[in-house]
Protein chains: 2
Amino acid sequence: MVCGYNGKIARIDLLERSVKIEEPEELLYKKYLGGRGLGAYYLFRDLAPKVDPLGPDNELILATSIITGIPIAGMSRFSIVTKSPLTGTFGEAEAGGHFGSELKAAGFDALIVKGISDTPVYLWIQDGKVEFRDASALWGKVTKDTQTEIRRQLNDPLVRVALIGPAGENLVRYACILNELKYAHGRGGLGAVMGSKKLKAIAVRGHTRPESKEPQRIQQIAQWMATHWKEYPGTVNRSTYGTADALMPLDTSGLLPTRNFQGGSFADAEKVSGETMKATILTGTDGCYACPIRCKREVRAHEPYETDTAYGGPEYETIAAFGPLCEIGDLSAISKANELSNAYGLDTISTGSAIAFAMECYENGILTNKDTDGIELRFGNVKVILQLIEMIAHRRGIGNLLAEGVKKASEKIGKGSNHFALHVKGKELAMHDPRGKAALGLGYAVSPSGADHMQAIHDPAFVKPVKALESLGIIEGLDPNSLAPNKVRAFVQAHLWWGLLDCLGACKFIFIPHGAGVLTPNHMVDLVNASTGWEASLWSLMKASERALNLARCFNAREGFTAKDDVLPERLFEELRFGSRKGAKLDKGQFNKALQLYYEMMGWNRETGTPTTAKLDELDLEWVAQAFHPT
Amino acid sequence: MVCGYNGKIARIDLLERSVKIEEPEELLYKKYLGGRGLGAYYLFRDLAPKVDPLGPDNELILATSIITGIPIAGMSRFSIVTKSPLTGTFGEAEAGGHFGSELKAAGFDALIVKGISDTPVYLWIQDGKVEFRDASALWGKVTKDTQTEIRRQLNDPLVRVALIGPAGENLVRYACILNELKYAHGRGGLGAVMGSKKLKAIAVRGHTRPESKEPQRIQQIAQWMATHWKEYPGTVNRSTYGTADALMPLDTSGLLPTRNFQGGSFADAEKVSGETMKATILTGTDGCYACPIRCKREVRAHEPYETDTAYGGPEYETIAAFGPLCEIGDLSAISKANELSNAYGLDTISTGSAIAFAMECYENGILTNKDTDGIELRFGNVKVILQLIEMIAHRRGIGNLLAEGVKKASEKIGKGSNHFALHVKGKELAMHDPRGKAALGLGYAVSPSGADHMQAIHDPAFVKPVKALESLGIIEGLDPNSLAPNKVRAFVQAHLWWGLLDCLGACKFIFIPHGAGVLTPNHMVDLVNASTGWEASLWSLMKASERALNLARCFNAREGFTAKDDVLPERLFEELRFGSRKGAKLDKGQFNKALQLYYEMMGWNRETGTPTTAKLDELDLEWVAQAFHPT
């Protein structure tokens, strides 16, 4: 059972209820690969500037890649690309699970959805056919009930469903899209776009997988991996404790975002760790298509927070956002928060961040009981978290304000609340603090979709041994706190690599340059060529990633974003107030210098941060330069 | 029997007769690989600006690479790097043969020779030891007698000798260095540098080859290649007819440089073709270490031009330069010219070009019988060729003027003779006409060492199928005559690839992106990693090549070279006067635009063509930026 690409893309208009199948040339796949790259291509081409993200002209693009679903761990992710209602920028998120490979088996590489349906609708995609189905009865339902009902209607328990909950329907600006109720296209409000289109769900079932050119080679690598992955301690850790394996090391090193990024260590860290989860509430594990590592958790929280295992257990980001960030040390409560977020379809990072923001405003008297309907929005107040999730999802009371995201909320609140709004371009910071991994700060600042840990998941200085980064051209040891030229250079390379994984729908954890991982970038080249019969190399693939990044950057430039938007929240230039790295901060002068050097290394205009015509020409993006004249 | 690198470099001072062994860190090899890259590193570091190329402070750097001598075809080349006395720029040439792998087995990756010996000397390098030996009795001898005598003195017929002939001793500015009497480091006057140092030869013998990390992987690829190379028609052609296989196709397509680049077809082309050579004077073939293809020829020319097989047969470049370029249709005479050039140690391309230049001057009355001691320097005058080779090598009569190269000669002659001097930065054009392969023109212009076909061997538009270029990121069909952005982009990628081969000491003909060839760039990655145990990728290797190119460019900038030196001879912007492409020319406006776009794509200053500080930072060349401040 192997996979490649179909050469078919479905354009779906929800208003007209029309479907158009496009069959792009192979060249398009060679240039854009899939995922973020293919999405960026269509989004830039199709959208006029200044389109309303929640209007009919915005597109929701679900894109698999040329390797999605090949039978080996870590290759089943897919991207959803749109103009983000949270940031107004290029918006993109990836998720694993089973939907991507199923879409492929149904005959499509990508779906491009536009328009707004008159009445709630879901799509039923089965073996090359696209059907519009009434979702009126599903509107308002939580995700599990929706999935159950759709599977019942279609009479097939193996239908894979990407869907939204009430939060998406209510246009919460950080509503997510889920598949299997727990694999989230979390960030940037993609669920609100789906909600704005009155599209409750996309159900998919397929029975024909495109064939790879060299299935034996893929099988070889898969078998090697199945035999050897247990020799990689980082990967074993992830398998044992899930992504929450990261929590204790971050706490110890003083980089666990705590109390809305005021400090870097949390007194109750151990109580909410992956180790504690395993020892207490863990009931099972789950994983993406073809993956033996199974980093997904399944939990049953303790009284009074009984949880439904169907929604999975909290990941590191979720624990950190509802836990340390809000100073909550109760893993069962956090698991409940996770369940509610998945049931309502909320991004846990932005939700936790919005709550922490509100807490800090409250504690500083900027929000009062009058604003909160009497809710005591104090750090550590565990009940408040669950209450606020409900209120945000349904846009009730203070929840309506927080549903806008911390940037817009702080603009409405005023009174210096912007100082507590930790975001880049409106996207709340992920649960990683750059005051100790400086390249991450650069990554937050320059990511085309705001402060996103999938775009800048790591400071390469933390990857050991250095050899793991060698194929990316990073061959020297690095200082985590530095943003000297060698660090900026390393970030450029690593950033392109991470971006490549998002173009290919590949899991970052599987690859050694993440720090843990099993496969090398050269394995990735092998897998691409074995799938497609191409003669790709890491050079040509990294260039494709650079192409995707430049396209996203140009999309933003066309929307009016410039260097002035590549800024970090002030708090990151202030000292950490507690934890083992107390006193650490980013140096603003060094950061600004690094930012400018980054632009120049990327071949972008030094002042505006916009790709030059020559850079676009070099990347085979003359059509973008011509449409746009960025210089 | 396998090979890698030793981690040892010998610094040899000829004046002081001292030898210092340096043991660089592995990191240095990772950054610079070897060959052109390693040479550029040392040349930029060691030389002060404006050093006299023929003075004691110039260095002659013989550099193998991290894979030189691994037991597979095409990996035995090595570079010699110096400041060129012909161009005043970064000077470099590569040659195959057996010297490189022997040097490796003798325990060294590179030799760095400086100073001037009081009396003629040769170096005897044997298993880690460097000895200075008197060469007074060898001074003035032709190359074969020198090699014979050295082997006799050292009592070992397997000693490999790199040496110069009388041309090098007489400081002919395009004297070459030969090994095995026929593998030439031909271009740029490296032999004159050797001569200026009173260094007649370097003899080497070694018995210990460093071990590869994965010899089986190398053997696998070698075996695959040994079995399959005959399935590649281009490679079979090369094996059958030598490099002269290119002559007839170029003639047919109107791109065979004829009559000093006045036209592109030669009436007697067939008489001097590889096919004719095989049918008439060929007596055998020869090849580099471990190569089954054996593109080297062995000939015995017909009366009255009896030749010595020891000097090999003429390559394509040699045939073209002494043949069509001078309108000589006698293959035996050309073979004799080849023999004389190899005996005296002259670069055949520059020698033929200097003669053709003189012929055109003579026919236009700019040189007269008074200047030529009565020699009738007309195109087609076969006797003149052999006479002039003697005169140039010994700097006799008009030969003394021509020994300066066409640039300096035309400056001395004046009278508009510069119009007949076809060179870039003083280096005579190789035997490929850009009026029909436009990217080659760009390559001539921007090559750091002048008009060099090893730096820009091909217009990528001629490589079929396009798939052969895919790993370099070139995925679309190209127009040979265009210098549109897509062509400039393709040139950037291809240029880095060719440069990589010169950093690795790899043969361009072995690789599919040459158009013929057997191996892919991904094979190269495999070979590097199997040799070294590194985790290199085509990305990291191409970046290393870019590093080498930028270093060479900075070397030139420090010497005062700028964009104004990246010019082509006017003739290339004028119409071809005859042949099937009659009327074809390069468009100057398009060329200049492409040049500027090239600078920008490379991250170089648009006006000066010098690498920006940001580009140097990106390439791990902060030390160059700091030493130099190019912006």
# chains A, B, ... in the order shown; residues from 1 in each chain; ligands from 1
>>> interface_residues(of="chain B", to="chain A", cutoff="10 Å", atoms="only C-alpha atoms", output="PyMOL selection string")
chain B and resi 27+30-31+467-476+484-490+492-493+520-522+525-526+534-544+596-604+612-622
>>> residues_around(residues="stretch 318-329 of chain A", least_positions_apart="4", cutoff="8 Å", atoms="only C-alpha atoms", output="PyMOL selection string")
chain A and resi 244+247+256-261+265-266+268-269+271-272+314+334-335+337-338+348-353+355-356+359+379-382+385+431
>>> write_last_selection(atoms="N, CA and C atoms", output="compact mmCIF listing (two decimals), in the first residue's frame")
# COMPACT_ATOMS: atom_id res chain seq x y z
N ALA A 244 4.69 15.93 25.84
CA ALA A 244 4.90 16.49 27.17
C ALA A 244 6.24 16.07 27.76
N LEU A 247 8.36 19.01 28.86
CA LEU A 247 8.00 19.95 29.91
C LEU A 247 9.04 20.07 31.03
N LEU A 256 10.34 27.41 30.66
CA LEU A 256 8.94 26.99 30.58
C LEU A 256 8.07 28.23 30.78
N PRO A 257 7.34 28.64 29.74
CA PRO A 257 6.57 29.89 29.85
C PRO A 257 5.57 29.83 31.01
N THR A 258 5.76 30.67 31.97
CA THR A 258 4.97 30.61 33.20
C THR A 258 4.41 32.00 33.50
N ARG A 259 3.16 32.01 33.98
CA ARG A 259 2.53 33.27 34.39
C ARG A 259 2.61 34.29 33.25
N ASN A 260 2.05 33.86 32.11
CA ASN A 260 2.04 34.72 30.91
C ASN A 260 3.43 35.24 30.54
N PHE A 261 4.40 34.32 30.53
CA PHE A 261 5.78 34.64 30.13
C PHE A 261 6.49 35.59 31.09
N SER A 265 9.96 29.11 35.12
CA SER A 265 9.84 27.85 35.85
C SER A 265 8.53 27.86 36.62
N PHE A 266 8.01 26.68 36.86
CA PHE A 266 6.69 26.56 37.47
C PHE A 266 6.80 25.60 38.66
N ASP A 268 4.75 23.83 40.16
CA ASP A 268 4.02 22.56 40.03
C ASP A 268 4.30 21.85 38.71
N ALA A 269 5.44 22.17 38.11
CA ALA A 269 5.74 21.59 36.80
C ALA A 269 5.63 20.06 36.83
N LYS A 271 3.89 18.14 38.51
CA LYS A 271 2.51 17.64 38.57
C LYS A 271 1.82 17.58 37.20
N VAL A 272 2.34 18.37 36.27
CA VAL A 272 1.68 18.42 34.95
C VAL A 272 2.60 17.85 33.86
N PRO A 314 -3.75 15.89 26.55
CA PRO A 314 -3.11 17.17 26.22
C PRO A 314 -1.67 16.99 25.74
N ILE A 334 -6.36 20.38 33.34
CA ILE A 334 -5.78 20.70 32.03
C ILE A 334 -6.31 19.73 30.97
N SER A 335 -6.45 18.47 31.35
CA SER A 335 -6.99 17.49 30.40
C SER A 335 -8.43 17.82 30.05
N ALA A 337 -9.62 20.86 30.06
CA ALA A 337 -9.51 22.03 29.18
C ALA A 337 -9.19 21.58 27.75
N ASN A 338 -8.35 20.58 27.66
CA ASN A 338 -8.01 20.02 26.35
C ASN A 338 -9.25 19.41 25.69
N THR A 348 -5.66 25.43 21.45
CA THR A 348 -5.33 25.46 22.88
C THR A 348 -4.26 26.50 23.20
N ILE A 349 -3.33 26.73 22.28
CA ILE A 349 -2.26 27.70 22.56
C ILE A 349 -2.86 29.10 22.70
N SER A 350 -3.63 29.50 21.70
CA SER A 350 -4.20 30.85 21.74
C SER A 350 -5.22 30.98 22.86
N THR A 351 -5.96 29.91 23.11
CA THR A 351 -6.97 29.96 24.18
C THR A 351 -6.29 30.16 25.53
N GLY A 352 -5.30 29.32 25.83
CA GLY A 352 -4.58 29.48 27.08
C GLY A 352 -3.93 30.84 27.18
N SER A 353 -3.38 31.31 26.06
CA SER A 353 -2.71 32.61 26.06
C SER A 353 -3.70 33.74 26.30
N ILE A 355 -6.42 33.54 27.94
CA ILE A 355 -6.82 33.49 29.35
C ILE A 355 -5.72 34.08 30.23
N ALA A 356 -4.47 33.71 29.96
CA ALA A 356 -3.35 34.25 30.76
C ALA A 356 -3.27 35.76 30.61
N MET A 359 -5.91 37.19 32.69
CA MET A 359 -5.53 37.10 34.10
C MET A 359 -4.57 38.22 34.48
N PHE A 379 -4.37 34.26 38.22
CA PHE A 379 -3.48 33.14 37.90
C PHE A 379 -3.71 32.04 38.94
N GLY A 380 -3.76 30.85 38.47
CA GLY A 380 -3.88 29.71 39.38
C GLY A 380 -5.31 29.34 39.69
N ASN A 381 -6.26 30.14 39.22
CA ASN A 381 -7.67 29.87 39.49
C ASN A 381 -8.18 28.84 38.47
N VAL A 382 -8.17 27.60 38.88
CA VAL A 382 -8.40 26.49 37.95
C VAL A 382 -9.80 26.50 37.34
N ILE A 385 -10.44 28.67 34.07
CA ILE A 385 -10.00 28.17 32.77
C ILE A 385 -11.16 27.51 32.02
N MET A 431 4.39 27.99 23.10
CA MET A 431 4.87 27.79 24.47
C MET A 431 6.39 27.54 24.52
>>> select_by_dssp(residues="stretch 178-216 of chain A", states="strand (DSSP E)", output="list in words")
Leu178, Asn179, Tyr183, Ala184, His185, Leu199, Lys200, Ala201, Ile202, Ala203, Val204 and Arg205 of chain A
>>> residues_around(residues="B:Leu154", least_positions_apart="3", cutoff="12 Å", atoms="only C-alpha atoms", output="number ranges by chain")
B: 122-126, 131, 133, 147-151, 157-161, 203-205
>>> closest_residue(among="B:Arg173, B:Lys182, B:Lys564, B:Arg209", to="B:Asn592", atoms="only C-alpha atoms")
B:Lys564
>>> select_by_dssp(residues="stretch 77-254 of chain A", states="helix (DSSP H, G or I)", output="number ranges by chain")
A: 99-105, 143-154, 166-169, 190-196, 215-231, 233-252
>>> residues_around(residues="stretch 95-99 of chain B", least_positions_apart="2", cutoff="6 Å", atoms="only C-alpha atoms", output="list in words")
Ser76, Arg77, Phe78, Ser101, Glu102, Arg160, Tyr183, Ala184, His185, Cys288 and Tyr289 of chain B
>>> closest_residue(among="A:Pro465, A:Gly287, A:Gly37, A:Pro56", to="A:Asp118", atoms="only C-alpha atoms")
A:Pro56
>>> closest_residue(among="A:Met194, A:Ala438, A:Leu500, A:Ile61", to="A:Leu178", atoms="only C-alpha atoms")
A:Met194
>>> residues_around(residues="B:Lys408", least_positions_apart="6", cutoff="9 Å", atoms="only C-alpha atoms", output="list in words")
Leu86, Leu401, Leu402 and Gly426 of chain B
>>> write_last_selection(atoms="N, CA and C atoms", output="mmCIF file, in the first residue's frame")
data_model
loop_
_atom_site.group_PDB
_atom_site.id
_atom_site.type_symbol
_atom_site.label_atom_id
_atom_site.label_comp_id
_atom_site.auth_asym_id
_atom_site.auth_seq_id
_atom_site.Cartn_x
_atom_site.Cartn_y
_atom_site.Cartn_z
ATOM 1 N N LEU B 86 48.907 35.234 -15.787
ATOM 2 C CA LEU B 86 48.248 35.581 -17.046
ATOM 3 C C LEU B 86 47.161 36.627 -16.821
ATOM 4 N N LEU B 401 56.672 38.063 -27.582
ATOM 5 C CA LEU B 401 55.486 38.896 -27.434
ATOM 6 C C LEU B 401 54.253 38.029 -27.162
ATOM 7 N N LEU B 402 54.113 36.978 -27.961
ATOM 8 C CA LEU B 402 52.927 36.121 -27.821
ATOM 9 C C LEU B 402 52.936 35.359 -26.500
ATOM 10 N N GLY B 426 42.206 38.558 -19.515
ATOM 11 C CA GLY B 426 43.530 38.120 -19.957
ATOM 12 C C GLY B 426 43.625 36.648 -20.293
#
>>> atom_distance(atom1="atom CA of A:Arg36", atom2="atom CA of A:Leu440")
20.0 Å
>>> residues_around(residues="A:Arg558", least_positions_apart="6", cutoff="12 Å", atoms="only C-alpha atoms", output="JSON, numbers by chain")
{"A": [43, 44, 45, 47, 48, 49, 50, 51, 88, 89, 90, 551, 552, 610, 611, 624, 625, 627, 628, 629, 630, 631]}
>>> residues_around(residues="B:His514", least_positions_apart="4", cutoff="8 Å", atoms="only C-alpha atoms", output="list in words")
His458, Val463, Lys508, Phe509 and Ile510 of chain B
>>> atom_distance(atom1="atom CA of B:Lys585", atom2="atom CA of B:His453")
19.1 Å
